[in-house]
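Worksheet: the structure to be examined is printed underneath.
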Amino acid sequence: MTPLPRHHSIFFLIMRRLRAPLILLISIIAISVLGLTLAPGVDDQGNAHRLSFFHALYFMSYTATTIGFGEIPFEFSDQQRLWVLVCIYMSVVGWAYTIATVFALLADRNLRHAIDTQRFLRAVKRLGEPFYLLCGYGETGRLICSALDRLGYRAVVVELDESKAGEIELHSYRADVPALCADASNPEMLKFAGLTHPSCIGVIALTNDDSANLAIAIGARLLAPRIPALCRAESPETAANMASFGTRHIINPFEKFAEYLALALHSPAAWHLLTWLTGLPGTTIERERDPPRGEWILCGHGRFGRMMVQAMDREAVPVTIIDRMPPEQADHRWVQGDGTGAAALEQAGVRRAAGIVAATSNDVDNLSIAVTARELNADLFVIVRQNHYANHALFDAFKADLSVVPSEIIAHECLAVLTTPLLVPFLNEMKGRDDTWCNALLERLTGRFGWEVPAVWSARIDATRAPALTAELQRGRSIALGALLQAPHNRDETLPCEALYLRRKDDSHVVMPEASTTVRVGDELLLVGRPRAHRELEFTLSNEHALTYVLTGRDQPGGWVWEKLARGVRAS
Amino acid sequence: MNLEKVIFGFFIVLAATLNFGFFVGDIDVAEHHDIYELFAAIVVSLIATVLKFGDRTQIGAVHLSTSLVADLQLITAALAWGYAAHVSAAGLTPEMTARVVSLSGGALFANVVSVIILIAETIMQRR
């Protein structure tokens, strides 16, 4: 539903619908009051007396609202009482009609929707801080929303399903998450949800419909070209279509996982480093055993299965496919069957295989394959595809070596891309390095920070994000990176963080910059460490006194008078 | 002919005429100003206000605001009359009468504006 134009306020909409009961009410009170002033009565001395308008209105006000103070100013005559009797019944009917209309109006679905839409628009318009526009609040959307909330970013949600949109209010997020129940593939809705809002810093399209995601990608590209858009695409055609007009980040969960597996087979350390760096904040990574090289079995040659076979081919790992239908290209060993029974697995050579991938689109089948295969060969490395989040308990209980959960893969990827744009070039760089380099880095970082998912953040050295440092650099000082990474309360203590990647303004970059590397204005740093280090480094970069202390060890006096005095003392 | 338009015009003009009827006469002579006429003016003015709630155009908005002004002035006049007649010890003095009538004069002006808008709207439609 489209929101009302600006000048059509909800108040007047309601008043318009209440016209009839209001006119009835005014007429009833007017007739009653007029009648009361005309009805003959007597005062306490027995003289003829009529109620004035003032008394009549007073009497009607408390009679019609059922308060009832009695007969004033004198006891009523029978003629007056007769008229009051009529008035009472008239006013009861009038009020009953008015109240019934009001309740019917409030229960009206369309009006409720109009009110909610109006409230949403107002909430989005008032958002002063940077926010992400999230389209689709399914499993993935929920994960991303809570991760963004935890990281201190605001989010605005557009969701088609009313019950899912209603869930947001029940979920206790730290910040308010405005939600609109509407079709996100409609560009008007995207605009209402703040796509063109100056504070919008990213669009995330996660609906379970590829064509809707495509529509969002187009909308974002044309209406807000400066904003990065992240889109989920499950079919290669959609992904190609999105790429053709410049969507920068297209996420296909299966392709991503196939990539991870290829990386894990190729260089386990790089893979561990990747999972550690891109984990959901607040979780701990358990170091699983590395996927072994050797013969592999794949059950279910669908969309996901095909990606996995390609990845294994690239790593030159032999793979046997179990499926009911033969694969299009007969360049792999193929066993007919569905893998849930021992016969097909035996035939595929499960006893000598190193690993198995249960990749069908049915969760129960996948678990059944995994359980049977592990019974036949206890050392097997098992990868299970989990299609529905609801089956989480079953998969947790089975303890596969690796579970493929599309919603989690998308969430990890989105967060990595959005919150730390420098992470992607670093990860690409890392994939190019050999295993010993990655292993050394992994040992060093996890030895220092533990296996808990660390804080990964970018620091940009410019006038807005690091005013103190920028001012200092513009004075011509040369500052080494190592000097900055000292605690602002005690410079002998090193901050628990490390720089992974440094990008200069001229697009050159340094991987794992040394402590002696000098920083320049316009640099962007990728840092990893404890959340405390993030806060403290931010403080050093923006506070002049903290920066001076960290660089020189001198505590600068604050305020003009003290600075004058200090300068005098130093001069003498 | 549209019945809705007839009723709308009727109430607006009636509000103005009743208001005028109360207003004419010497300003400080209570006998020249019938309190029943003030009562009728208030009721008709309130109904005219409610009728104007429906219109969504710019002219409708101005219509509504003139009516709200008239209501405010008339109700204030009624309150002033109620105070003079029932609360103050002096009763309905010429000064108080002048106050009540001048307040209703303000309302009359708003009602005249309302009628002018009504006429302008009718002429604009050319049908």
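Every chain in the structure tokens takes a letter, A first, then B, and so on in the order presented; its residues are numbered from 1, and the ligands are numbered from 1 following the presented order.
Residues in contact with A:Thr420 at 7 Å, where only C-alpha atoms are counted and same-chain residues fewer than 4 positions away are skipped, are listed as Ala416, Trp457 and Ser458 of chain A.
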Take the residues that were just selected and, keeping N, CA and C atoms, output them as an mmCIF file, in the first residue's frame.
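Result file is again.cif:
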```cif
data_model
loop_
_atom_site.group_PDB
_atom_site.id
_atom_site.type_symbol
_atom_site.label_atom_id
_atom_site.label_comp_id
_atom_site.auth_asym_id
_atom_site.auth_seq_id
_atom_site.Cartn_x
_atom_site.Cartn_y
_atom_site.Cartn_z
ATOM 1 N N ALA A 416 31.119 -8.976 6.415
ATOM 2 C CA ALA A 416 32.516 -8.717 6.086
ATOM 3 C C ALA A 416 32.605 -7.602 5.057
ATOM 4 N N TRP A 457 38.148 -4.007 12.035
ATOM 5 C CA TRP A 457 37.597 -2.703 11.658
ATOM 6 C C TRP A 457 38.564 -1.932 10.762
ATOM 7 N N SER A 458 38.018 -0.939 10.079
ATOM 8 C CA SER A 458 38.844 -0.090 9.219
ATOM 9 C C SER A 458 39.012 1.263 9.898
#
```
Please identify every residue of chain A that has at least one atom no more than 6 Å from any atom of chain B, counting only C-alpha atoms, and report them as a compact mmCIF listing (two decimals) with N, CA and C atoms, in the first residue's frame.
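File result_39.txt, as written:
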```
# COMPACT_ATOMS: atom_id res chain seq x y z
N ARG A 16 -12.84 12.65 8.86
CA ARG A 16 -13.72 12.55 7.70
C ARG A 16 -14.68 11.38 7.85
N ARG A 19 -17.58 12.04 10.36
CA ARG A 19 -18.47 13.17 10.14
C ARG A 19 -19.90 12.91 10.62
N ILE A 23 -21.83 14.95 13.67
CA ILE A 23 -22.97 15.85 13.41
C ILE A 23 -24.17 15.39 14.22
N PHE A 54 -26.58 28.39 30.11
CA PHE A 54 -25.43 27.96 30.90
C PHE A 54 -25.78 26.72 31.72
```
*Tell me which of A:Lys431, A:Gly529, A:Arg351, A:Leu541 sits closest to A:Arg465, counting only C-alpha atoms.*
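Closest to A:Arg465 of all the choices is A:Leu541.
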*Interatomic distance between atom CA of A:Val309 and atom CA of A:Arg385?*
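Spanning atom CA of A:Val309 to atom CA of A:Arg385 is a straight-line distance of 14.4 Å.
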_Applying 7 Å and only C-alpha atoms, which residues near A:Gly339 remain after dropping the ones on its own chain fewer than 5 positions away? List them as a list in words._
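My list of contacting residues is Cys299, Ile322, Ala344, Leu345 and Ile369 of chain A.
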*Every residue of stretch 301-398 of chain A that DSSP places in strand (DSSP E), as a PyMOL selection string*: chain A and resi 319-323+333-336+355-358+381-385
*Determine, counting only C-alpha atoms, which protein, DNA and RNA residues have an atom within 10 Å of an atom of stretch 265-272 of chain A; residues of the same chain fewer than 3 positions away are not included. Present the result as number ranges by chain.*
A: 259-262, 275-277, 285-293, 311-312, 314-317, 427, 430-443
Could those residues be written to a file, using C-alpha atoms, as a tab-separated table (two decimals), in the first residue's frame?
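That gives us again21.tsv:
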```tsv
chain	number	residue	atom	x	y	z
A	259	GLU	CA	35.08	-21.49	-2.84
A	260	TYR	CA	35.70	-22.00	0.88
A	261	LEU	CA	36.01	-25.74	0.43
A	262	ALA	CA	38.46	-25.30	-2.43
A	275	THR	CA	36.50	-18.25	9.15
A	276	TRP	CA	38.12	-16.57	12.15
A	277	LEU	CA	38.12	-13.11	10.57
A	285	ILE	CA	35.47	-20.52	16.22
A	286	GLU	CA	36.19	-24.15	16.97
A	287	ARG	CA	39.15	-25.40	15.13
A	288	GLU	CA	37.83	-28.32	13.14
A	289	ARG	CA	40.03	-30.84	11.44
A	290	ASP	CA	41.12	-29.90	7.97
A	291	PRO	CA	39.32	-31.49	5.03
A	292	PRO	CA	41.64	-34.25	3.81
A	293	ARG	CA	42.77	-34.75	0.24
A	311	ALA	CA	35.69	-26.77	-6.82
A	312	MET	CA	37.08	-30.26	-6.32
A	314	ARG	CA	40.03	-27.30	-9.61
A	315	GLU	CA	41.90	-28.78	-6.66
A	316	ALA	CA	42.38	-32.06	-8.55
A	317	VAL	CA	40.53	-34.14	-5.97
A	427	LEU	CA	41.34	-12.03	1.97
A	430	MET	CA	45.75	-14.07	1.58
A	431	LYS	CA	44.32	-16.66	-0.82
A	432	GLY	CA	47.25	-15.96	-3.12
A	433	ARG	CA	49.88	-16.61	-0.43
A	434	ASP	CA	51.26	-20.06	0.37
A	435	ASP	CA	50.19	-22.17	3.30
A	436	THR	CA	53.24	-21.52	5.51
A	437	TRP	CA	52.67	-17.76	5.38
A	438	CYS	CA	49.01	-18.20	6.32
A	439	ASN	CA	49.86	-20.69	9.03
A	440	ALA	CA	52.40	-18.38	10.62
A	441	LEU	CA	49.91	-15.52	10.56
A	442	LEU	CA	47.13	-17.67	11.97
A	443	GLU	CA	49.33	-18.96	14.80
```
*From the set A:Arg150, A:Ala229, A:Gly450, A:Leu34, which residue has the shortest atom-to-atom contact distance to B:Leu38, counting only C-alpha atoms?*
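That would be A:Leu34, the residue with the smallest distance to B:Leu38.
Contact shell of A:Leu415 at 9 Å (only C-alpha atoms; same-chain neighbours under 3 positions omitted): Ile144, Ala147, Leu148, Thr278, Leu280, Ile410, Ala411, His412, Leu418, Thr419 and Thr420 of chain A.
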*Once DSSP has gone over the backbone, tell me which residues of chain B are in alpha helix (DSSP H), as an MDAnalysis selection string.*
chainID B and resid 3:23 35:52 58:82 94:125
*asked:* List the spatial neighbours of stretch 237-245 of chain A as a list in words - criterion: any atom at most 9 Å away, only C-alpha atoms, same-chain residues fewer than 3 positions off excluded.
replied: Asp210, Ser211, Asn213, Leu214, Ala217, Ile218, Arg221, Cys231, Arg232, Ala233, Glu234, Arg248, His249, Ile250, Ile251 and Asn252 of chain A
